[in-house]
Amino acid sequence: MPSQSGSSTGQTSHLTPFSTPYASQRDIPKYRISENGAPGDTVYEMIKDELDLDGRPNLNVASFVDTYLDDHAQKLMAENMSKNLADNDEYPAMLSIANRCVSILAHLWGVQKGDKAVGAPTVGSSEAVHLGGLAMKRRWQERRRAQGKDTLRPNIIMGANAQVALLKFARYFEVEARVLPVSEKSNFCLDPDLVRENIDENTIGVFAILGSTYTGHYEPVETISKLLDEYEEKTGVWIPIHVDAASGGFVAPFTYAGTGGWKWNFELPRVVSINTSGHKYGLVTPGVGWIVWRDQSYLPKDLVFELHYLGGTEESYTLNFSRPGAQIIVQYYNLIHLGFQGYREIVENCLANARILSKSLEATGWYTCVSGIHRPAPANHPSSTAVATAASDVAHRAKDALTSAAAATTATTTNNPGGSPAPAAPHQTAETSAAYVAGLPVVSFRFTDEFRREYPHIQQETVSLLLRARQWIVPNYALPPGEGQTEILRVVVRVSMSFDLLDRLVADLVQVTETLMQRDEVDLSVLQEQRRRRRSVGDSVG
């Protein structure tokens, strides 16, 4: 028999013969803290039901962020979720694991013999990009002061395809952002010719992106580095490069295609720092990023704080202090468990699925792909033979680093009947990513010109909206300024995209498009207005 709550209103408690939390008649405010609280199961169900209105993460193909962890990774995450990465003295093993991850990434990215790479985990690539930019700004200020020159007008170069984190760096840290237009000629990425025209003695550095979020193309880091070499020879002005490898940092090193034969990492002396997101193709759930400097000399000392805290002494050179440590542990688990071949198998499979999707879309005759990973590599490409035959020396060094780290970890855990085996080397077939244009597993596509002429009333946004009704989240948006008249639909192929899901996505895209073609006019103005109002207004604060 349910007990009475004892409140003056005579409301029954949440305990009923049917054990349903909805028997509670409590008034639970949304925007102000309640006076007396509410039963836990009631609150849980209320929040859970509201979150059911969110999209399904696995069908959110708009995002680069990983949505899958295996059972062991989930256990490590749960067991370490309460650990604060800032408390180094209290959690020395976690700090050691973070340092090992930095070492592995430094070798994966071609750290050179004699260099003493340093780095740190961050909450994501945004923080990492800001740290890389700050280091370049401080070193530029130091050089200018040593030369008796002012430090009033720093600027930094980036393409109009740059992610907002790069723009935030410039605005928050008072650096002029020289955002250069992109074009089809430059694969909608940073154009080296425009870089040459916009650098000067006040340029603190160049942000180069290894994997544009619009189309997945890699920016030509080596070409930019060479033109900066030429500029230095003429002017004596040294300009460094920071590579934003938020997604590409865990893709390019493992694929047979690499970056198409061009150098992009610490093999280039002008690349002083690289960042990546562990929670993208590093296969960790949000949020963890990484920043690595090729040598400790490129991290200015005045950015490093020595802290005497909680009984220990530690160095800190991040923007955040307290931050979760569990993701760091899962990152290390992935690196050791998967190894080089495991990551290679995963990203090669993602690229293969992205090629299937690209070719399927173009086979309809309705769509054309703006991304290029399904197109054959040019015959005159510098990688045509080298990439196809073997991994680069950097890949071998990376493989050695992962292998040695795994060996050190597993040496004392040979008896592990509950552990899952490391993945076997992928079955080698005649076709790998080496035969295609290098890039991220991203499929960006639009209506063909012929389709637009025949069906001028059909908008791409309608395709996106109707796919949303089938639970798919496929964004439709304009290319960067300079090419903003072109809209694209984009699908990010992640590790969780199985072939069955891919087949379903293609079928739904075809069915949605056919539905639109069979009607002279489809009026979705009400739905579009509701979507606009939901984005701009949201719930009003009570």
# chains A, B, ... in the order shown; residues from 1 in each chain; ligands from 1
call {"tool": "residues_around", "arguments": {"residues": "Arg56 of chain A", "least_positions_apart": "3", "cutoff": "9 Å", "atoms": "only C-alpha atoms", "output": "ChimeraX atom specification"}}
result
/A:52,59-60,471-473
call {"tool": "residues_around", "arguments": {"residues": "Leu227 of chain A", "least_positions_apart": "5", "cutoff": "12 Å", "atoms": "only C-alpha atoms", "output": "ChimeraX atom specification"}}
result
/A:191-199,206,220-222,232-234,238-241,270
call {"tool": "residues_around", "arguments": {"residues": "Asp115 of chain A", "least_positions_apart": "6", "cutoff": "10 Å", "atoms": "only C-alpha atoms", "output": "MDAnalysis selection string"}}
result
chainID A and resid 266 293:297
call {"tool": "write_last_selection", "arguments": {"atoms": "all heavy atoms", "output": "mmCIF file, in the first residue's frame"}}
result
data_model
loop_
_atom_site.group_PDB
_atom_site.id
_atom_site.type_symbol
_atom_site.label_atom_id
_atom_site.label_comp_id
_atom_site.auth_asym_id
_atom_site.auth_seq_id
_atom_site.Cartn_x
_atom_site.Cartn_y
_atom_site.Cartn_z
ATOM 1 N N PHE A 266 56.400 16.082 -38.457
ATOM 2 C CA PHE A 266 57.676 16.584 -37.953
ATOM 3 C C PHE A 266 58.852 16.257 -38.861
ATOM 4 O O PHE A 266 59.986 16.664 -38.574
ATOM 5 C CB PHE A 266 57.926 16.046 -36.544
ATOM 6 C CG PHE A 266 56.952 16.543 -35.514
ATOM 7 C CD1 PHE A 266 56.380 15.676 -34.590
ATOM 8 C CD2 PHE A 266 56.587 17.882 -35.472
ATOM 9 C CE1 PHE A 266 55.482 16.125 -33.640
ATOM 10 C CE2 PHE A 266 55.678 18.352 -34.531
ATOM 11 C CZ PHE A 266 55.128 17.465 -33.615
ATOM 12 N N TRP A 293 54.604 19.210 -29.285
ATOM 13 C CA TRP A 293 55.608 20.059 -29.915
ATOM 14 C C TRP A 293 56.796 19.201 -30.301
ATOM 15 O O TRP A 293 57.183 18.294 -29.550
ATOM 16 C CB TRP A 293 56.066 21.162 -28.961
ATOM 17 C CG TRP A 293 55.051 22.245 -28.751
ATOM 18 C CD1 TRP A 293 54.884 23.379 -29.486
ATOM 19 C CD2 TRP A 293 54.054 22.296 -27.717
ATOM 20 N NE1 TRP A 293 53.851 24.138 -28.990
ATOM 21 C CE2 TRP A 293 53.317 23.491 -27.902
ATOM 22 C CE3 TRP A 293 53.701 21.449 -26.664
ATOM 23 C CZ2 TRP A 293 52.264 23.860 -27.066
ATOM 24 C CZ3 TRP A 293 52.656 21.808 -25.835
ATOM 25 C CH2 TRP A 293 51.956 23.006 -26.038
ATOM 26 N N ARG A 294 57.392 19.496 -31.448
ATOM 27 C CA ARG A 294 58.473 18.660 -31.949
ATOM 28 C C ARG A 294 59.673 18.647 -30.999
ATOM 29 O O ARG A 294 60.413 17.673 -30.924
ATOM 30 C CB ARG A 294 58.921 19.129 -33.341
ATOM 31 C CG ARG A 294 59.568 20.494 -33.372
ATOM 32 C CD ARG A 294 60.064 20.860 -34.779
ATOM 33 N NE ARG A 294 60.950 19.853 -35.310
ATOM 34 C CZ ARG A 294 60.738 19.200 -36.464
ATOM 35 N NH1 ARG A 294 59.676 19.492 -37.201
ATOM 36 N NH2 ARG A 294 61.595 18.298 -36.878
ATOM 37 N N ASP A 295 59.870 19.732 -30.261
ATOM 38 C CA ASP A 295 60.984 19.819 -29.318
ATOM 39 C C ASP A 295 60.582 20.793 -28.211
ATOM 40 O O ASP A 295 59.804 21.728 -28.448
ATOM 41 C CB ASP A 295 62.254 20.309 -30.009
ATOM 42 C CG ASP A 295 63.469 20.275 -29.099
ATOM 43 O OD1 ASP A 295 64.042 19.177 -28.909
ATOM 44 O OD2 ASP A 295 63.838 21.340 -28.560
ATOM 45 N N GLN A 296 61.125 20.578 -27.034
ATOM 46 C CA GLN A 296 60.759 21.421 -25.897
ATOM 47 C C GLN A 296 61.117 22.888 -26.115
ATOM 48 O O GLN A 296 60.521 23.780 -25.506
ATOM 49 C CB GLN A 296 61.434 20.901 -24.623
ATOM 50 C CG GLN A 296 62.943 20.852 -24.693
ATOM 51 C CD GLN A 296 63.546 20.151 -23.483
ATOM 52 O OE1 GLN A 296 62.824 19.605 -22.642
ATOM 53 N NE2 GLN A 296 64.869 20.163 -23.388
ATOM 54 N N SER A 297 62.047 23.162 -27.029
ATOM 55 C CA SER A 297 62.430 24.548 -27.295
ATOM 56 C C SER A 297 61.306 25.338 -27.967
ATOM 57 O O SER A 297 61.328 26.569 -27.971
ATOM 58 C CB SER A 297 63.682 24.597 -28.172
ATOM 59 O OG SER A 297 63.446 23.990 -29.435
#
call {"tool": "closest_residue", "arguments": {"among": "A:Leu131, A:Ile28, A:Ala177, A:Leu95", "to": "Lys83 of chain A", "atoms": "only C-alpha atoms"}}
result
A:Leu95
call {"tool": "residues_around", "arguments": {"residues": "Glu174 of chain A", "least_positions_apart": "4", "cutoff": "10 Å", "atoms": "only C-alpha atoms", "output": "list in words"}}
result
Lys137, Leu152, Arg153, Pro154, Asn155, Lys168, Phe169 and Ala170 of chain A
call {"tool": "residues_around", "arguments": {"residues": "segment 441-451 of chain A", "least_positions_apart": "6", "cutoff": "6 Å", "atoms": "only C-alpha atoms", "output": "list in words"}}
result
Thr215, Gly216, Cys350, Leu351, Ala354, Trp366, Tyr367, Thr368, Cys369, Val370, Ser371, Ile488, Leu489, Arg490, Val491, Val492 and Val493 of chain A
call {"tool": "closest_residue", "arguments": {"among": "A:Ala434, A:Val164, A:Ala469, A:Val506", "to": "Gly260 of chain A", "atoms": "only C-alpha atoms"}}
result
A:Ala434
call {"tool": "select_by_dssp", "arguments": {"residues": "segment 70-223 of chain A", "states": "strand (DSSP E or B)", "output": "list of chain:residue names"}}
result
A:Asn84, A:Val118, A:Gly119, A:Ala120, A:Pro121, A:Thr122, A:Asn155, A:Ile156, A:Ile157, A:Met158, A:Gly159, A:Glu176, A:Ala177, A:Arg178, A:Val179, A:Leu180, A:Thr203, A:Ile204, A:Gly205, A:Val206, A:Phe207, A:Ala208, A:Ile209, A:Leu210, A:Tyr218
call {"tool": "atom_distance", "arguments": {"atom1": "atom CA of Lys75 of chain A", "atom2": "atom CA of Thr122 of chain A"}}
result
21.8 Å
call {"tool": "atom_distance", "arguments": {"atom1": "atom CA of Pro324 of chain A", "atom2": "atom CA of Ser96 of chain A"}}
result
15.2 Å
call {"tool": "atom_distance", "arguments": {"atom1": "atom CA of Met81 of chain A", "atom2": "atom CA of Gln327 of chain A"}}
result
8.3 Å
